[in-house]
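Visitor: I have a structure I would like to understand better, so I am pasting it below and will then ask my questions one at a time.
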Amino acid sequence: MNSGKRKNNKKERVTPKEFSEKKLNFTKITEGKKERTEEEELKQARNALLNILEDTEEARKIAVEERNKTLTIIQNFADGILVFDEKNNLELINPLAEEFLGVKKEEIIQKNISELSETPKFKHLIKLLDSFPEGKAIKSIFREELPLRENLFLEITTLPLIMESNLKGTLTILHNVTREKNIEKMKTEFVSISAHQLRTPLSAVKWTIRMILDGDVGEISNEQRDLLQKTYLSNERMINLINDLLNVTRIEEGKLLYEPKLAQLEDIVWSVAGNFKQEIKRKKIDFKFKKPSQALPKVKVDQEKIKLAVENLIDNAIRYTFPKGKVEISFRCPDKVIEFKVKDSGVGIPKDKQERIFTKFFRGPNVIRMETEGTGLGLYTTKNIIEAHKGKIWFESEEGKGTTFYFALPTEE
Amino acid sequence: MAKKILIIEDDKFLRELILRKLLKAGYKVSYAIDGEEGLKKIKEEKPDLVLLDLILPGTDGFEVLEKTKSDIEISSIPVIILSNLGQKEDIERGLKLGAIDFLVKAHFTPQEIVDKIEKILK
């Protein structure tokens, strides 16, 4: 069958029934000498046409079937789905989306987004959609969480429906994350409560040993003092571990930053470095603090948290550098960021382990062999702190030669 | 005359330790094991200083603090929070409610606590 005939057929839209009627007309016309051949030709044409019609009918059936299949998928999809057309009218809503939003399809279908935004049930969702960059005519995907009502957390994804580079509408997906949210909350609460509960007996141990060491309950021998001193330090380590755990919990709770204020980064680093004086002296480390010649631009930071991040980095540099090694701190101030750098001549991070360095509870095999203390939470926490400040953290390292850690924080304009 | 300190703390052992330390430092000491008893004793005994835990059965430490600071009879008594809570929000909340200091138990030794008290009562 050639395409010319197909086009013709499309124009006329002849149904099989009409065709058989038309056949009669054809017969009338075909009177004459060449009746036979013409009749043959007509027969052929008729068959061809019938075939086309059959094909079209088949294609229509397949299309309907496909459409029904797609609709069935959408209707029964495990996520709520809304489709707005290019004029922002609601074109489609599936039952789960109706349930999430507490609406009936009949009442809202084909209504415009601006009209819907005035109904209480849609208000929050549309406000959220509006908050996505560039309104609704967006090019990429956006995700946000929406606490719709008590015990219903939705993750809203919206993406443009683009066909042949034309925007045909917007697809909005409502994914129920209530269960995940609850589990996350339980986990966080569990860690937080147990950490607080653990602190109480640890405080008791700390206080008791301290009081004995301070001679509050009588004289003790040097041997006793020595052992108790070590016990005291072990206990302090445990207290620090719990602090680390609490910090990790806070990161996961997403409320790590507390009232960021403008500050001089070099001053914060200087005060943190001061805490390491004794350890630097003990290990005879060649420690350099290169103070910038001019005051750096201020950065907006949660001081406590940045202190913790800097402390973790300096602590690592000193801890994993052998006695008489080098540690150097310096700053740079390229375009709109302040860069902090701490370079050590320590044991380094094995190449094949470098990609895991910022993961929770990770510790390099070479540092585990050194029998140094550590929870494997320091760099994880540090990275999260820096990123919560919209900064970046990275490093360069070579096993046996040393490591340099950097972080960059955006300056306040 | 020796100054009087009220300890509000539900953990028996911790209470005994700090009590012993304070007695040794020359203070008169009394204690309460929950928030309600604590509040009652603040009103009755009018101590010179209160050491207050936050997580207490029933009325918690924040509530005790709030009630103390809103009662004109006892609002001038300095309250030191001695707790194992210690997140910024807790500290901020405690200080906002009128606590004079916030000490995380696990981060201070008994001697350091006594030093803090001495400074305040000077």
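We label chains A, B, ... in the order they appear in the structure tokens, count residues from 1 in each chain, and number ligands from 1 in the order shown.
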Specify as a list in words all residues of chain B found within 9 Å of chain A, counting only C-alpha atoms.
Guide: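 Filtering chain B at 9 Å from chain A with only C-alpha atoms gives Asp11, Phe13, Leu14, Leu17, Ile18, Lys21, Lys24, Ser83, Asn84, Leu85, Gly86, Gln87, Lys88, Glu89, Lys105, Ala106, His107, Phe108, Thr109, Pro110 and Gln111 of chain B.
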Visitor: Just the strand (DSSP E) stuff from region 125-336 of chain A, please, per backbone DSSP, written as a ChimeraX atom specification.
Guide: /A:142-149,152-163,166-176,261-263,286-289,299-301,326-332
Visitor: Of the candidates B:Leu103, B:Val64, B:Leu22, B:Leu97, which one gets nearest to Ala2 (chain B) if we count only C-alpha atoms?
Guide: B:Leu22
Visitor: Which residues are near region 311-320 of chain A? Cut-off 7 Å, only C-alpha atoms, ignore same chain within fewer than 2 positions. Put them as a PyMOL selection string.
Guide: chain A and resi 272+307-309+322+327+342+344+346-347+378-379+382
Visitor: Can you work out which one of B:Ala32, B:Val114, B:Leu95, B:Ile8 has the shortest atom-to-atom distance to Glu66 (chain B), counting only C-alpha atoms?
Guide: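 Smallest separation from Glu66 (chain B) among the options: B:Leu95.
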Visitor: Write out as number ranges by chain which residues come within 10 Å of region 36-49 of chain B when counting only C-alpha atoms, dropping same-chain ones fewer than 6 positions away.
Guide: B: 2-9, 28-30, 56-61, 63-65, 67-68, 71, 73-80, 117, 120-121
Visitor: With only C-alpha atoms as the counted atoms, please give the residues lying no more than 7 Å from region 330-333 of chain A, apart from itself and same-chain residues fewer than 2 positions off, as number ranges by chain.
Guide: A: 289-292, 328, 335, 337-342
Visitor: Save the residues we just selected, N, CA and C atoms, as a PDB file, in the first residue's frame?
Guide:
ATOM      1  N   PHE A 289      51.493  28.765  61.964  1.00  0.00           N
ATOM      2  CA  PHE A 289      50.190  29.386  61.723  1.00  0.00           C
ATOM      3  C   PHE A 289      50.454  30.643  60.913  1.00  0.00           C
ATOM      4  N   LYS A 290      50.166  30.586  59.636  1.00  0.00           N
ATOM      5  CA  LYS A 290      50.452  31.741  58.779  1.00  0.00           C
ATOM      6  C   LYS A 290      49.261  32.692  58.817  1.00  0.00           C
ATOM      7  N   LYS A 291      49.383  33.659  59.680  1.00  0.00           N
ATOM      8  CA  LYS A 291      48.289  34.622  59.815  1.00  0.00           C
ATOM      9  C   LYS A 291      48.247  35.492  58.563  1.00  0.00           C
ATOM     10  N   PRO A 292      47.082  35.707  57.993  1.00  0.00           N
ATOM     11  CA  PRO A 292      47.016  36.547  56.785  1.00  0.00           C
ATOM     12  C   PRO A 292      47.489  37.963  57.107  1.00  0.00           C
ATOM     13  N   GLU A 328      51.102  22.883  59.050  1.00  0.00           N
ATOM     14  CA  GLU A 328      51.064  24.305  58.697  1.00  0.00           C
ATOM     15  C   GLU A 328      49.637  24.728  58.350  1.00  0.00           C
ATOM     16  N   ASP A 335      38.290  34.677  44.905  1.00  0.00           N
ATOM     17  CA  ASP A 335      37.043  35.370  44.624  1.00  0.00           C
ATOM     18  C   ASP A 335      35.880  34.898  45.509  1.00  0.00           C
ATOM     19  N   VAL A 337      35.365  33.782  48.309  1.00  0.00           N
ATOM     20  CA  VAL A 337      35.454  32.730  49.317  1.00  0.00           C
ATOM     21  C   VAL A 337      36.723  32.911  50.160  1.00  0.00           C
ATOM     22  N   ILE A 338      36.660  32.307  51.336  1.00  0.00           N
ATOM     23  CA  ILE A 338      37.869  32.231  52.151  1.00  0.00           C
ATOM     24  C   ILE A 338      38.256  30.770  52.217  1.00  0.00           C
ATOM     25  N   GLU A 339      39.530  30.537  51.934  1.00  0.00           N
ATOM     26  CA  GLU A 339      39.982  29.164  51.904  1.00  0.00           C
ATOM     27  C   GLU A 339      40.902  28.911  53.095  1.00  0.00           C
ATOM     28  N   PHE A 340      40.599  27.863  53.838  1.00  0.00           N
ATOM     29  CA  PHE A 340      41.418  27.456  54.966  1.00  0.00           C
ATOM     30  C   PHE A 340      42.199  26.226  54.518  1.00  0.00           C
ATOM     31  N   LYS A 341      43.462  26.154  54.950  1.00  0.00           N
ATOM     32  CA  LYS A 341      44.295  25.037  54.519  1.00  0.00           C
ATOM     33  C   LYS A 341      45.116  24.539  55.697  1.00  0.00           C
ATOM     34  N   VAL A 342      45.087  23.242  55.945  1.00  0.00           N
ATOM     35  CA  VAL A 342      45.971  22.681  56.957  1.00  0.00           C
ATOM     36  C   VAL A 342      46.748  21.531  56.327  1.00  0.00           C
TER      37      VAL A 342
END
Visitor: Quick one: distance from CA of Lys324 (chain A) to CA of Thr381 (chain A) in Å, one decimal?
Guide: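 Atom-to-atom, CA of Lys324 (chain A) to CA of Thr381 (chain A), that is 28.4 Å.
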Visitor: Which polymer residues have any atom within 9 Å of an atom of Leu146 (chain A), counting only C-alpha atoms, with same-chain residues fewer than 2 positions away left out, as an mmCIF file with C-alpha atoms, in the first residue's frame?
Guide:
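The new file part_23.cif reads:
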data_model
loop_
_atom_site.group_PDB
_atom_site.id
_atom_site.type_symbol
_atom_site.label_atom_id
_atom_site.label_comp_id
_atom_site.auth_asym_id
_atom_site.auth_seq_id
_atom_site.Cartn_x
_atom_site.Cartn_y
_atom_site.Cartn_z
ATOM 1 C CA HIS A 124 0.095 24.644 50.569
ATOM 2 C CA LEU A 125 0.957 22.517 47.581
ATOM 3 C CA LEU A 128 5.345 25.148 47.376
ATOM 4 C CA GLU A 144 10.779 19.436 48.331
ATOM 5 C CA LEU A 148 0.511 18.308 54.483
ATOM 6 C CA ARG A 149 -1.276 17.419 57.669
ATOM 7 C CA LEU A 152 1.436 12.939 56.300
ATOM 8 C CA PHE A 153 4.741 13.962 54.796
ATOM 9 C CA LEU A 154 4.931 14.210 51.033
ATOM 10 C CA GLU A 155 7.928 14.602 48.858
ATOM 11 C CA ILE A 156 6.883 16.803 45.971
#
Visitor: Determine the nearest neighbour of Phe362 (chain A) from the options A:Gln110, A:Ile349, A:Phe122, A:Phe395, counting only C-alpha atoms.
Guide: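 Of the candidates, the smallest distance to Phe362 (chain A) is held by A:Ile349.
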Visitor: Just the number, please: distance in Å from CA of Arg46 (chain A) to CA of Ile62 (chain A), one decimal.
Guide: 24.1 Å
Visitor: Separation of CA of Asn51 (chain A) and CA of Glu38 (chain A), in Å?
Guide: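 These atoms are spaced 19.6 Å apart.
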